[in-house]
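Text of upload_10.cif (mmCIF, C-alpha atoms) as supplied:
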data_entry
#
loop_
_atom_site.label_atom_id
_atom_site.label_comp_id
_atom_site.auth_asym_id
_atom_site.auth_seq_id
_atom_site.Cartn_x
_atom_site.Cartn_y
_atom_site.Cartn_z
CA MET A 1 -19.19 73.56 -28.76
CA SER A 2 -18.58 76.63 -26.60
CA LYS A 3 -15.02 77.32 -25.44
CA ARG A 4 -16.17 77.22 -21.84
CA ARG A 5 -17.79 73.82 -22.27
CA LEU A 6 -14.60 72.47 -23.85
CA ALA A 7 -12.52 73.92 -21.01
CA ILE A 8 -14.73 72.17 -18.46
CA LEU A 9 -14.34 68.87 -20.33
CA ASP A 10 -10.55 69.23 -20.51
CA THR A 11 -10.33 70.15 -16.84
CA ALA A 12 -12.54 67.22 -15.85
CA ALA A 13 -10.49 64.82 -18.02
CA ARG A 14 -7.30 65.95 -16.25
CA LEU A 15 -8.83 65.72 -12.77
CA ILE A 16 -10.38 62.28 -13.43
CA SER A 17 -7.06 60.99 -14.77
CA GLN A 18 -5.24 62.32 -11.68
CA GLN A 19 -7.64 61.41 -8.90
CA GLY A 20 -10.31 59.16 -10.41
CA PHE A 21 -13.94 59.90 -11.21
CA THR A 22 -15.34 59.19 -7.75
CA HIS A 23 -12.88 61.50 -6.05
CA THR A 24 -13.42 64.36 -8.52
CA SER A 25 -16.17 66.61 -7.20
CA VAL A 26 -18.22 69.19 -9.05
CA ASP A 27 -16.56 71.74 -6.72
CA ASP A 28 -13.11 70.61 -7.94
CA VAL A 29 -14.22 71.14 -11.54
CA ILE A 30 -15.73 74.55 -10.73
CA ARG A 31 -12.53 75.68 -9.02
CA GLU A 32 -10.07 74.28 -11.58
CA ALA A 33 -12.06 75.43 -14.61
CA GLY A 34 -12.54 78.89 -13.11
CA LEU A 35 -16.35 78.76 -13.06
CA SER A 36 -18.33 81.20 -10.92
CA GLY A 37 -20.28 78.54 -9.05
CA LYS A 38 -22.62 75.55 -9.15
CA SER A 39 -25.27 77.18 -11.35
CA HIS A 40 -22.51 78.05 -13.81
CA PHE A 41 -21.51 74.36 -13.92
CA TYR A 42 -25.08 73.07 -14.23
CA HIS A 43 -25.67 75.50 -17.09
CA TYR A 44 -23.31 73.28 -19.12
CA PHE A 45 -23.83 69.79 -17.63
CA PRO A 46 -26.88 68.30 -15.88
CA SER A 47 -24.69 66.25 -13.50
CA LYS A 48 -21.17 65.13 -12.67
CA GLU A 49 -22.09 61.79 -14.23
CA ALA A 50 -23.12 63.38 -17.53
CA LEU A 51 -19.80 65.24 -17.54
CA GLY A 52 -17.90 62.00 -16.84
CA PHE A 53 -19.67 60.15 -19.66
CA GLU A 54 -18.85 62.97 -22.09
CA VAL A 55 -15.19 62.95 -20.99
CA LEU A 56 -15.08 59.23 -21.77
CA ASP A 57 -16.79 59.76 -25.14
CA ARG A 58 -14.26 62.41 -26.11
CA GLN A 59 -11.33 60.25 -25.02
CA PHE A 60 -12.60 57.37 -27.10
CA GLY A 61 -13.24 59.73 -30.02
CA ARG A 62 -9.65 60.92 -29.86
CA PHE A 63 -8.39 57.34 -29.57
CA THR A 64 -10.49 56.39 -32.60
CA ASP A 65 -9.11 59.30 -34.65
CA ARG A 66 -5.47 59.07 -33.65
CA GLY A 67 -4.96 55.47 -32.60
CA LEU A 68 -7.50 53.11 -34.15
CA ALA A 69 -7.37 55.06 -37.44
CA ILE A 70 -4.00 53.41 -38.09
CA LEU A 71 -5.78 50.03 -38.24
CA ARG A 72 -7.81 51.25 -41.26
CA GLU A 73 -5.00 53.01 -43.15
CA PRO A 74 -5.61 51.81 -46.74
CA MET A 75 -2.07 52.33 -48.08
CA ILE A 76 -0.37 50.08 -45.52
CA GLU A 77 -0.42 46.28 -45.36
CA PRO A 78 -2.75 44.97 -42.61
CA LEU A 79 0.01 43.31 -40.58
CA ASP A 80 2.15 46.43 -40.71
CA ARG A 81 -0.83 48.49 -39.57
CA LEU A 82 -1.27 46.26 -36.53
CA SER A 83 2.43 46.51 -35.84
CA LEU A 84 2.29 50.32 -36.13
CA PHE A 85 -0.73 50.47 -33.85
CA ILE A 86 1.11 48.53 -31.16
CA ASP A 87 4.21 50.71 -31.66
CA THR A 88 2.03 53.81 -31.25
CA LEU A 89 0.79 52.68 -27.83
CA VAL A 90 4.37 51.88 -26.80
CA ALA A 91 5.55 55.30 -28.01
CA LEU A 92 2.73 56.97 -26.06
CA GLN A 93 3.91 55.32 -22.86
CA ARG A 94 7.45 56.49 -23.62
CA GLU A 95 6.31 60.10 -24.17
CA ARG A 96 4.36 60.07 -20.94
CA ASP A 97 7.29 58.69 -18.94
CA ALA A 98 5.26 55.54 -18.30
CA ARG A 99 2.59 57.49 -16.43
CA ASN A 100 -1.17 57.74 -16.96
CA GLY A 101 -1.61 54.60 -19.06
CA SER A 102 -4.97 53.98 -20.70
CA PRO A 103 -7.90 56.22 -19.71
CA PHE A 104 -10.25 53.28 -20.44
CA GLY A 105 -8.29 50.84 -18.30
CA ASN A 106 -8.10 53.40 -15.50
CA LEU A 107 -11.84 54.07 -15.51
CA ALA A 108 -12.53 50.34 -15.78
CA GLY A 109 -10.34 49.64 -12.77
CA GLU A 110 -12.10 52.28 -10.73
CA LEU A 111 -15.72 51.86 -11.81
CA ALA A 112 -16.42 48.50 -13.50
CA ASP A 113 -17.89 46.99 -10.33
CA SER A 114 -19.44 50.05 -8.74
CA HIS A 115 -20.94 52.13 -11.54
CA GLU A 116 -23.16 50.30 -14.02
CA GLY A 117 -23.42 53.30 -16.37
CA PHE A 118 -19.65 53.51 -16.76
CA ARG A 119 -19.31 49.74 -16.98
CA GLN A 120 -21.73 49.62 -19.91
CA ARG A 121 -20.04 52.52 -21.68
CA LEU A 122 -16.59 50.95 -21.18
CA ASP A 123 -17.95 47.67 -22.49
CA VAL A 124 -18.95 49.51 -25.68
CA VAL A 125 -15.50 51.15 -25.86
CA PHE A 126 -13.64 47.82 -25.65
CA GLU A 127 -16.14 46.19 -28.02
CA ARG A 128 -15.58 48.89 -30.67
CA TRP A 129 -11.82 48.64 -30.21
CA ALA A 130 -12.08 44.85 -30.59
CA GLN A 131 -14.21 45.25 -33.74
CA GLN A 132 -11.55 47.44 -35.35
CA LEU A 133 -8.92 44.81 -34.63
CA GLN A 134 -11.22 42.09 -35.88
CA SER A 135 -11.84 43.92 -39.18
CA LEU A 136 -8.09 44.04 -39.68
CA LEU A 137 -7.77 40.33 -38.87
CA TRP A 138 -10.51 39.58 -41.42
CA GLU A 139 -8.45 41.40 -44.04
CA LEU A 140 -5.68 38.97 -43.18
CA HIS A 141 -8.12 36.10 -43.64
CA ASP A 142 -6.16 34.35 -46.41
CA GLN A 143 -2.99 34.45 -44.35
CA LEU A 144 -4.53 33.19 -41.10
CA ARG A 145 -4.33 29.56 -40.04
CA GLU A 146 -7.58 27.66 -40.12
CA GLY A 147 -9.78 27.96 -37.06
CA VAL A 148 -8.41 31.25 -35.71
CA ASP A 149 -11.06 32.92 -33.55
CA THR A 150 -10.58 36.55 -34.58
CA ALA A 151 -12.93 37.94 -31.90
CA ARG A 152 -10.94 36.15 -29.22
CA LEU A 153 -7.59 37.19 -30.65
CA ALA A 154 -8.79 40.82 -30.79
CA ARG A 155 -9.74 40.67 -27.09
CA PHE A 156 -6.40 39.10 -26.23
CA ILE A 157 -4.54 41.93 -27.97
CA ILE A 158 -6.50 44.53 -25.99
CA ALA A 159 -5.99 42.67 -22.70
CA ALA A 160 -2.23 42.40 -23.24
CA LEU A 161 -1.98 46.10 -24.16
CA GLU A 162 -4.12 47.22 -21.20
CA GLY A 163 -2.19 44.95 -18.83
CA GLY A 164 1.05 46.20 -20.35
CA MET A 165 0.15 49.84 -19.80
CA LEU A 166 -0.78 49.04 -16.20
CA MET A 167 2.50 47.19 -15.54
CA THR A 168 4.42 50.02 -17.16
CA ARG A 169 2.83 52.55 -14.82
CA VAL A 170 3.82 50.43 -11.83
CA THR A 171 7.40 49.74 -12.93
CA ARG A 172 7.88 53.21 -14.50
CA ASP A 173 9.93 51.32 -17.04
CA VAL A 174 8.98 51.70 -20.69
CA ALA A 175 11.07 48.60 -21.51
CA VAL A 176 8.23 46.55 -19.98
CA MET A 177 5.78 47.96 -22.53
CA GLU A 178 8.30 47.50 -25.34
CA GLY A 179 8.70 43.83 -24.43
CA ILE A 180 4.94 43.30 -24.27
CA GLY A 181 4.46 45.03 -27.63
CA ALA A 182 7.13 42.85 -29.26
CA ASP A 183 5.73 39.67 -27.69
CA LEU A 184 2.24 40.56 -28.84
CA LYS A 185 3.47 40.89 -32.43
CA ARG A 186 5.10 37.50 -32.10
CA PHE A 187 1.86 36.03 -30.79
CA VAL A 188 -0.15 37.44 -33.69
CA ALA A 189 2.44 36.02 -36.10
CA THR A 190 1.87 32.52 -34.69
CA HIS A 191 -1.69 32.72 -36.04
CA LEU A 192 -0.46 33.09 -39.61
CA ARG A 193 -0.04 30.19 -42.00
CA ASP A 194 3.45 31.36 -42.73
CA GLY A 195 4.07 32.24 -39.10
CA LYS A 196 7.76 31.42 -39.22
CA LEU A 197 8.40 33.83 -42.05
CA LEU A 198 6.52 36.62 -40.31
CA LEU A 199 8.14 35.83 -37.02
CA ARG A 200 11.46 36.43 -38.75
CA THR A 201 10.20 39.63 -40.32
CA VAL A 202 9.12 41.00 -36.96
CA ALA A 203 12.47 40.03 -35.45
CA GLU A 204 14.33 41.67 -38.32
CA ARG A 205 12.27 44.78 -37.95
CA GLU A 206 13.09 44.93 -34.24
CA LEU A 207 16.76 44.47 -35.02
CA ALA A 208 16.60 47.31 -37.56
CA GLN A 209 14.79 49.51 -34.99
CA SER A 210 17.27 48.81 -32.25
CA ALA A 211 20.12 49.69 -34.63
CA THR A 212 18.74 53.16 -35.36
CA MET B 1 -2.48 39.24 15.72
CA SER B 2 -5.47 40.41 17.76
CA LYS B 3 -8.95 39.59 16.49
CA ARG B 4 -9.78 43.28 16.39
CA ARG B 5 -6.73 44.09 14.30
CA LEU B 6 -7.64 41.33 11.84
CA ALA B 7 -11.22 42.59 11.66
CA ILE B 8 -9.97 46.08 10.81
CA LEU B 9 -7.75 44.67 8.06
CA ASP B 10 -10.59 42.62 6.59
CA THR B 11 -12.98 45.57 6.71
CA ALA B 12 -10.40 47.85 5.09
CA ALA B 13 -9.67 45.28 2.36
CA ARG B 14 -13.38 45.09 1.53
CA LEU B 15 -13.83 48.88 1.53
CA ILE B 16 -10.70 49.47 -0.58
CA SER B 17 -11.84 46.85 -3.10
CA GLN B 18 -15.30 48.46 -3.31
CA GLN B 19 -14.45 52.16 -3.36
CA GLY B 20 -10.68 52.45 -3.77
CA PHE B 21 -8.01 53.43 -1.26
CA THR B 22 -8.30 57.19 -1.74
CA HIS B 23 -12.04 57.18 -1.19
CA THR B 24 -11.86 54.97 1.90
CA SER B 25 -11.62 57.18 4.97
CA VAL B 26 -10.51 56.28 8.47
CA ASP B 27 -14.08 57.18 9.52
CA ASP B 28 -15.45 54.56 7.08
CA VAL B 29 -13.17 51.94 8.61
CA ILE B 30 -14.13 52.97 12.17
CA ARG B 31 -17.86 52.76 11.34
CA GLU B 32 -17.72 49.52 9.34
CA ALA B 33 -15.37 47.73 11.74
CA GLY B 34 -17.45 48.85 14.74
CA LEU B 35 -14.63 50.77 16.45
CA SER B 36 -15.42 53.28 19.18
CA GLY B 37 -13.60 56.17 17.52
CA LYS B 38 -10.37 57.59 16.07
CA SER B 39 -8.20 56.80 19.08
CA HIS B 40 -9.42 53.20 18.91
CA PHE B 41 -8.31 53.04 15.25
CA TYR B 42 -4.93 54.68 15.92
CA HIS B 43 -4.32 52.23 18.72
CA TYR B 44 -3.94 49.59 15.98
CA PHE B 45 -2.59 51.54 12.99
CA PRO B 46 -0.49 54.70 12.90
CA SER B 47 -2.21 55.94 9.72
CA LYS B 48 -4.63 55.07 6.93
CA GLU B 49 -1.56 54.58 4.73
CA ALA B 50 -0.01 52.03 7.11
CA LEU B 51 -3.33 50.18 7.13
CA GLY B 52 -3.46 50.25 3.30
CA PHE B 53 0.09 48.90 3.01
CA GLU B 54 -0.73 46.06 5.39
CA VAL B 55 -3.91 45.22 3.47
CA LEU B 56 -1.80 44.93 0.30
CA ASP B 57 0.82 42.79 2.11
CA ARG B 58 -1.86 40.40 3.32
CA GLN B 59 -3.46 40.18 -0.11
CA PHE B 60 -0.12 39.35 -1.67
CA GLY B 61 0.57 36.86 1.12
CA ARG B 62 -2.70 35.09 0.40
CA PHE B 63 -2.00 35.15 -3.35
CA THR B 64 1.45 33.68 -2.68
CA ASP B 65 0.01 30.89 -0.52
CA ARG B 66 -3.02 30.00 -2.63
CA GLY B 67 -2.11 31.10 -6.16
CA LEU B 68 1.63 31.28 -6.71
CA ALA B 69 2.16 28.14 -4.60
CA ILE B 70 0.83 26.11 -7.55
CA LEU B 71 3.86 27.25 -9.57
CA ARG B 72 6.19 25.50 -7.10
CA GLU B 73 4.21 22.26 -6.63
CA PRO B 74 6.97 19.61 -6.82
CA MET B 75 4.78 16.67 -7.88
CA ILE B 76 3.40 18.31 -11.02
CA GLU B 77 5.22 18.93 -14.32
CA PRO B 78 6.25 22.61 -14.75
CA LEU B 79 4.08 23.22 -17.79
CA ASP B 80 1.04 21.68 -16.12
CA ARG B 81 1.67 23.88 -13.09
CA LEU B 82 1.62 26.98 -15.25
CA SER B 83 -1.54 25.75 -16.92
CA LEU B 84 -3.17 25.09 -13.52
CA PHE B 85 -2.13 28.53 -12.28
CA ILE B 86 -3.82 30.19 -15.26
CA ASP B 87 -6.90 27.97 -14.78
CA THR B 88 -7.03 29.02 -11.12
CA LEU B 89 -7.23 32.72 -12.01
CA VAL B 90 -9.91 31.96 -14.58
CA ALA B 91 -11.88 29.94 -12.02
CA LEU B 92 -11.58 32.78 -9.50
CA GLN B 93 -13.16 35.17 -11.99
CA ARG B 94 -15.93 32.65 -12.56
CA GLU B 95 -16.61 32.30 -8.82
CA ARG B 96 -16.74 36.05 -8.41
CA ASP B 97 -19.17 36.49 -11.32
CA ALA B 98 -16.45 38.42 -13.16
CA ARG B 99 -16.38 41.12 -10.47
CA ASN B 100 -13.49 42.47 -8.39
CA GLY B 101 -10.62 41.26 -10.56
CA SER B 102 -7.09 41.55 -9.23
CA PRO B 103 -6.53 43.58 -6.04
CA PHE B 104 -3.03 44.44 -7.35
CA GLY B 105 -4.29 45.61 -10.71
CA ASN B 106 -7.03 47.64 -9.04
CA LEU B 107 -4.63 49.37 -6.65
CA ALA B 108 -2.17 49.93 -9.49
CA GLY B 109 -4.85 51.53 -11.63
CA GLU B 110 -5.84 53.83 -8.81
CA LEU B 111 -2.48 54.73 -7.28
CA ALA B 112 0.49 54.01 -9.58
CA ASP B 113 0.77 57.66 -10.66
CA SER B 114 -0.36 59.42 -7.52
CA HIS B 115 1.04 57.48 -4.58
CA GLU B 116 4.75 56.67 -4.70
CA GLY B 117 4.61 54.40 -1.64
CA PHE B 118 1.94 52.19 -3.18
CA ARG B 119 3.65 52.29 -6.59
CA GLN B 120 6.87 50.95 -5.06
CA ARG B 121 5.06 48.23 -3.12
CA LEU B 122 3.08 47.18 -6.20
CA ASP B 123 6.31 47.11 -8.18
CA VAL B 124 7.66 44.62 -5.63
CA VAL B 125 4.43 42.57 -5.83
CA PHE B 126 4.62 42.24 -9.63
CA GLU B 127 8.38 41.61 -9.47
CA ARG B 128 7.91 38.71 -7.00
CA TRP B 129 5.10 37.32 -9.09
CA ALA B 130 7.31 37.56 -12.20
CA GLN B 131 10.17 35.84 -10.35
CA GLN B 132 7.94 32.88 -9.48
CA LEU B 133 6.96 32.54 -13.13
CA GLN B 134 10.58 32.91 -14.19
CA SER B 135 11.71 30.14 -11.82
CA LEU B 136 9.18 27.85 -13.44
CA LEU B 137 10.36 28.84 -16.92
CA TRP B 138 13.93 28.08 -15.84
CA GLU B 139 12.82 24.59 -14.87
CA LEU B 140 11.60 24.25 -18.44
CA HIS B 141 15.00 25.40 -19.68
CA ASP B 142 15.76 22.25 -21.71
CA GLN B 143 12.42 22.46 -23.46
CA LEU B 144 12.58 26.19 -24.30
CA ARG B 145 13.71 27.46 -27.68
CA GLU B 146 17.03 29.21 -27.77
CA GLY B 147 17.02 32.90 -26.91
CA VAL B 148 13.75 32.98 -24.93
CA ASP B 149 13.82 35.95 -22.55
CA THR B 150 12.20 34.38 -19.48
CA ALA B 151 11.94 37.68 -17.57
CA ARG B 152 10.08 39.24 -20.47
CA LEU B 153 7.82 36.24 -20.95
CA ALA B 154 6.98 36.28 -17.23
CA ARG B 155 5.97 39.94 -17.46
CA PHE B 156 3.91 39.24 -20.54
CA ILE B 157 2.00 36.49 -18.74
CA ILE B 158 1.18 38.85 -15.85
CA ALA B 159 0.17 41.67 -18.21
CA ALA B 160 -2.18 39.39 -20.15
CA LEU B 161 -3.74 38.04 -16.95
CA GLU B 162 -4.15 41.49 -15.39
CA GLY B 163 -5.56 42.88 -18.64
CA GLY B 164 -7.81 39.83 -18.89
CA MET B 165 -9.20 40.31 -15.39
CA LEU B 166 -9.87 43.97 -16.19
CA MET B 167 -11.66 43.17 -19.46
CA THR B 168 -13.69 40.49 -17.70
CA ARG B 169 -14.88 42.98 -15.09
CA VAL B 170 -16.00 45.33 -17.87
CA THR B 171 -17.73 42.72 -20.03
CA ARG B 172 -19.04 40.71 -17.00
CA ASP B 173 -18.39 37.73 -19.23
CA VAL B 174 -16.11 35.00 -17.89
CA ALA B 175 -15.73 33.64 -21.45
CA VAL B 176 -13.39 36.60 -22.07
CA MET B 177 -11.08 35.42 -19.29
CA GLU B 178 -11.34 31.80 -20.48
CA GLY B 179 -10.27 32.85 -23.98
CA ILE B 180 -7.35 34.88 -22.66
CA GLY B 181 -6.22 32.01 -20.43
CA ALA B 182 -6.33 29.56 -23.34
CA ASP B 183 -4.50 31.97 -25.66
CA LEU B 184 -1.86 32.57 -23.03
CA LYS B 185 -1.18 28.83 -22.78
CA ARG B 186 -0.87 28.73 -26.55
CA PHE B 187 1.58 31.61 -26.49
CA VAL B 188 3.76 29.94 -23.85
CA ALA B 189 3.71 26.76 -25.95
CA THR B 190 5.17 28.67 -28.92
CA HIS B 191 8.32 29.23 -26.82
CA LEU B 192 8.95 25.50 -26.56
CA ARG B 193 11.21 23.58 -28.91
CA ASP B 194 8.44 21.09 -29.46
CA GLY B 195 5.80 23.79 -29.53
CA LYS B 196 3.56 21.98 -31.97
CA LEU B 197 3.29 18.95 -29.77
CA LEU B 198 2.48 21.03 -26.72
CA LEU B 199 0.07 23.16 -28.67
CA ARG B 200 -1.78 19.98 -29.48
CA THR B 201 -1.65 18.86 -25.88
CA VAL B 202 -3.18 22.11 -24.67
CA ALA B 203 -5.90 21.90 -27.34
CA GLU B 204 -6.63 18.29 -26.42
CA ARG B 205 -6.80 19.23 -22.78
CA GLU B 206 -9.29 21.99 -23.58
CA LEU B 207 -11.33 19.54 -25.60
CA ALA B 208 -11.32 17.10 -22.72
CA GLN B 209 -12.33 19.86 -20.29
CA SER B 210 -15.16 21.12 -22.46
CA ALA B 211 -16.45 17.55 -22.74
CA THR B 212 -16.77 17.17 -18.96
#

Represent the structure of the file as structure tokens.
Amino acid sequence: MSKRRLAILDTAARLISQQGFTHTSVDDVIREAGLSGKSHFYHYFPSKEALGFEVLDRQFGRFTDRGLAILREPMIEPLDRLSLFIDTLVALQRERDARNGSPFGNLAGELADSHEGFRQRLDVVFERWAQQLQSLLWELHDQLREGVDTARLARFIIAALEGGMLMTRVTRDVAVMEGIGADLKRFVATHLRDGKLLLRTVAERELAQSAT
Amino acid sequence: MSKRRLAILDTAARLISQQGFTHTSVDDVIREAGLSGKSHFYHYFPSKEALGFEVLDRQFGRFTDRGLAILREPMIEPLDRLSLFIDTLVALQRERDARNGSPFGNLAGELADSHEGFRQRLDVVFERWAQQLQSLLWELHDQLREGVDTARLARFIIAALEGGMLMTRVTRDVAVMEGIGADLKRFVATHLRDGKLLLRTVAERELAQSAT
């Protein structure tokens, strides 16, 4: 991909995260990316919408590589991977001073009702995220209680994390996200046959973390 | 309050829910509310911001009266009240065909990073909501396991519900919200001394509901 095209995508991602997709105009992108004018922009992207979709694709690609990849890490036990994944999202909120939150949640909040193209693409994003979680839960199959609906549990995990990132942005308090992450681990542990043991392990781990 | 003022607030609430606060202009409100012009608008509200704050206040007032009121219903057992409250939010998503979601979550998604005035007001909204949940959890005090952090649990409940409403808007599938509501009840039950019994009760209740 050309450097210029990448620069436009990065600029658009920043603008969309700051002011939303609707409020980001092609003129904003042209100005902020230092393009010479509209024909310069349309040389790279057929429309603002096409640019927006590609921004979302790239964000999900990055999330897949850096975030969801943890869920597939072969050298780590499945439950530890899930725990690490949750910790990663908490750490991200900490690094960002509780700002920004999830690009998918933000776009969903803005566009789920008003823009069918984005709604469908976000539906795919959350579905793929849920599938990754579900694959991990299948690996845990032998340890899960009977009758656990892994698809539903995967969706619950995403909802709690998305809601947590939203609450954290509002409170500007990373402790909110930390609490939600810890509670989510507890909730997952209640789906295990030996839930009590794992509940203790999670609690011990937290204790060890808080001591460092 | 004058009829005209109310009509402006209702119009603004609808426009903000459809296109966001940032994208809703005073001109939009003037046109949609049938006002004669800017001076007519400014006769009622000093600024678009003041109008937006009052829209949020009214939405939280309505939520307090119709939603949170269930949490304080003196004739119903605390745990049943919490269950009914969750069911109410699920039913609301069903009625709305999974559109719109939470006005607080939507505003938070749009403005938490960019508008300090809205961020602070939304922080108060979520704090009051959490306090209502916490009061109910305090009522359950004797039934709760030792060491339950009621403030944290209250925040978790809100995060899961907000995340659930967001996911439901994206999937357009109320079953997602139903699953999250049911899982949330299960999670609350794990905080009770006699969690197993209440887990069964919730499951039985679901069974009874699905049979009707």

Restricting the calculation to only C-alpha atoms, which member of A:His115, A:His40, A:His141, A:Arg81 is positioned closest to chain B?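 Among A:His115, A:His40, A:His141, A:Arg81, it is A:His115 that comes nearest to chain B.
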
Residue nearest A:Ala154 among A:Leu184, A:Val176, A:Arg169, A:Gln131 (counting all atoms listed in the file): A:Gln131

Residues of chain A within 9 Å of chain B, counting all atoms listed in the file, what are they? List them as a PDB file with C-alpha atoms, keeping the file's coordinate frame.
ATOM      1  CA  GLN A  18      -5.240  62.320 -11.680  1.00  0.00           C
ATOM      2  CA  GLN A  19      -7.640  61.410  -8.900  1.00  0.00           C
ATOM      3  CA  GLY A  20     -10.310  59.160 -10.410  1.00  0.00           C
ATOM      4  CA  THR A  22     -15.340  59.190  -7.750  1.00  0.00           C
ATOM      5  CA  HIS A  23     -12.880  61.500  -6.050  1.00  0.00           C
ATOM      6  CA  ARG A  99       2.590  57.490 -16.430  1.00  0.00           C
ATOM      7  CA  ASN A 100      -1.170  57.740 -16.960  1.00  0.00           C
ATOM      8  CA  GLY A 101      -1.610  54.600 -19.060  1.00  0.00           C
ATOM      9  CA  GLY A 105      -8.290  50.840 -18.300  1.00  0.00           C
ATOM     10  CA  ASN A 106      -8.100  53.400 -15.500  1.00  0.00           C
ATOM     11  CA  LEU A 107     -11.840  54.070 -15.510  1.00  0.00           C
ATOM     12  CA  ALA A 108     -12.530  50.340 -15.780  1.00  0.00           C
ATOM     13  CA  GLY A 109     -10.340  49.640 -12.770  1.00  0.00           C
ATOM     14  CA  GLU A 110     -12.100  52.280 -10.730  1.00  0.00           C
ATOM     15  CA  LEU A 111     -15.720  51.860 -11.810  1.00  0.00           C
ATOM     16  CA  ALA A 112     -16.420  48.500 -13.500  1.00  0.00           C
ATOM     17  CA  ASP A 113     -17.890  46.990 -10.330  1.00  0.00           C
ATOM     18  CA  SER A 114     -19.440  50.050  -8.740  1.00  0.00           C
ATOM     19  CA  ARG A 119     -19.310  49.740 -16.980  1.00  0.00           C
ATOM     20  CA  GLN A 120     -21.730  49.620 -19.910  1.00  0.00           C
ATOM     21  CA  LEU A 122     -16.590  50.950 -21.180  1.00  0.00           C
ATOM     22  CA  ASP A 123     -17.950  47.670 -22.490  1.00  0.00           C
ATOM     23  CA  VAL A 124     -18.950  49.510 -25.680  1.00  0.00           C
ATOM     24  CA  PHE A 126     -13.640  47.820 -25.650  1.00  0.00           C
ATOM     25  CA  GLU A 127     -16.140  46.190 -28.020  1.00  0.00           C
ATOM     26  CA  ARG A 152     -10.940  36.150 -29.220  1.00  0.00           C
ATOM     27  CA  LEU A 153      -7.590  37.190 -30.650  1.00  0.00           C
ATOM     28  CA  ARG A 155      -9.740  40.670 -27.090  1.00  0.00           C
ATOM     29  CA  PHE A 156      -6.400  39.100 -26.230  1.00  0.00           C
ATOM     30  CA  ILE A 157      -4.540  41.930 -27.970  1.00  0.00           C
ATOM     31  CA  ILE A 158      -6.500  44.530 -25.990  1.00  0.00           C
ATOM     32  CA  ALA A 159      -5.990  42.670 -22.700  1.00  0.00           C
ATOM     33  CA  ALA A 160      -2.230  42.400 -23.240  1.00  0.00           C
ATOM     34  CA  LEU A 161      -1.980  46.100 -24.160  1.00  0.00           C
ATOM     35  CA  GLU A 162      -4.120  47.220 -21.200  1.00  0.00           C
ATOM     36  CA  GLY A 163      -2.190  44.950 -18.830  1.00  0.00           C
ATOM     37  CA  GLY A 164       1.050  46.200 -20.350  1.00  0.00           C
ATOM     38  CA  MET A 165       0.150  49.840 -19.800  1.00  0.00           C
ATOM     39  CA  LEU A 166      -0.780  49.040 -16.200  1.00  0.00           C
ATOM     40  CA  MET A 167       2.500  47.190 -15.540  1.00  0.00           C
ATOM     41  CA  ARG A 169       2.830  52.550 -14.820  1.00  0.00           C
ATOM     42  CA  VAL A 170       3.820  50.430 -11.830  1.00  0.00           C
ATOM     43  CA  THR A 171       7.400  49.740 -12.930  1.00  0.00           C
ATOM     44  CA  ARG A 172       7.880  53.210 -14.500  1.00  0.00           C
ATOM     45  CA  VAL A 176       8.230  46.550 -19.980  1.00  0.00           C
ATOM     46  CA  GLY A 179       8.700  43.830 -24.430  1.00  0.00           C
ATOM     47  CA  ILE A 180       4.940  43.300 -24.270  1.00  0.00           C
ATOM     48  CA  ASP A 183       5.730  39.670 -27.690  1.00  0.00           C
ATOM     49  CA  LEU A 184       2.240  40.560 -28.840  1.00  0.00           C
ATOM     50  CA  ARG A 186       5.100  37.500 -32.100  1.00  0.00           C
ATOM     51  CA  PHE A 187       1.860  36.030 -30.790  1.00  0.00           C
ATOM     52  CA  THR A 190       1.870  32.520 -34.690  1.00  0.00           C
TER      53      THR A 190
END

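Across the structure, atom CA of A:Leu82 and atom CA of A:Trp129 are spaced 12.5 Å apart.
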
Hits from the PyMOL selection byres ((chain A and resi 14) around 12), listed as a list in words: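 In the shown coordinates, the PyMOL selection byres ((chain A and resi 14) around 12) covers Ala7, Ile8, Leu9, Asp10, Thr11, Ala12, Ala13, Leu15, Ile16, Ser17, Gln18, Gln19, Gly20, Phe21, Thr24, Asp28, Val29, Glu32, Ala33, Gly52, Val55, Leu56, Gln59, Asn100 and Pro103 of chain A.
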
Could you list, as a ChimeraX atom specification, every residue matched by the PyMOL selection byres ((chain A and resi 90) around 8) in this structure? /A:86-89,91-94,174,177-178,181

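Between atom CA of B:Leu192 and atom CA of B:Asp142 there is a distance of 9.0 Å.
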
Using Å and a single decimal, report how far atom CA of A:Leu136 sits from atom CA of A:His191.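 Taking atom CA of A:His191 as the start and atom CA of A:Leu136 as the end point, the length is 13.5 Å.
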
Given the file shown, enumerate the residues that the PyMOL selection byres ((chain A and resi 69) around 12) captures and present them as a tab-separated table (two decimals) with C-alpha atoms, in the coordinates of the input.
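As written to disk, part03.tsv reads:
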chain	number	residue	atom	x	y	z
A	60	PHE	CA	-12.60	57.37	-27.10
A	61	GLY	CA	-13.24	59.73	-30.02
A	62	ARG	CA	-9.65	60.92	-29.86
A	63	PHE	CA	-8.39	57.34	-29.57
A	64	THR	CA	-10.49	56.39	-32.60
A	65	ASP	CA	-9.11	59.30	-34.65
A	66	ARG	CA	-5.47	59.07	-33.65
A	67	GLY	CA	-4.96	55.47	-32.60
A	68	LEU	CA	-7.50	53.11	-34.15
A	70	ILE	CA	-4.00	53.41	-38.09
A	71	LEU	CA	-5.78	50.03	-38.24
A	72	ARG	CA	-7.81	51.25	-41.26
A	73	GLU	CA	-5.00	53.01	-43.15
A	74	PRO	CA	-5.61	51.81	-46.74
A	76	ILE	CA	-0.37	50.08	-45.52
A	81	ARG	CA	-0.83	48.49	-39.57
A	82	LEU	CA	-1.27	46.26	-36.53
A	84	LEU	CA	2.29	50.32	-36.13
A	85	PHE	CA	-0.73	50.47	-33.85
A	88	THR	CA	2.03	53.81	-31.25
A	129	TRP	CA	-11.82	48.64	-30.21
A	132	GLN	CA	-11.55	47.44	-35.35
A	133	LEU	CA	-8.92	44.81	-34.63
A	136	LEU	CA	-8.09	44.04	-39.68
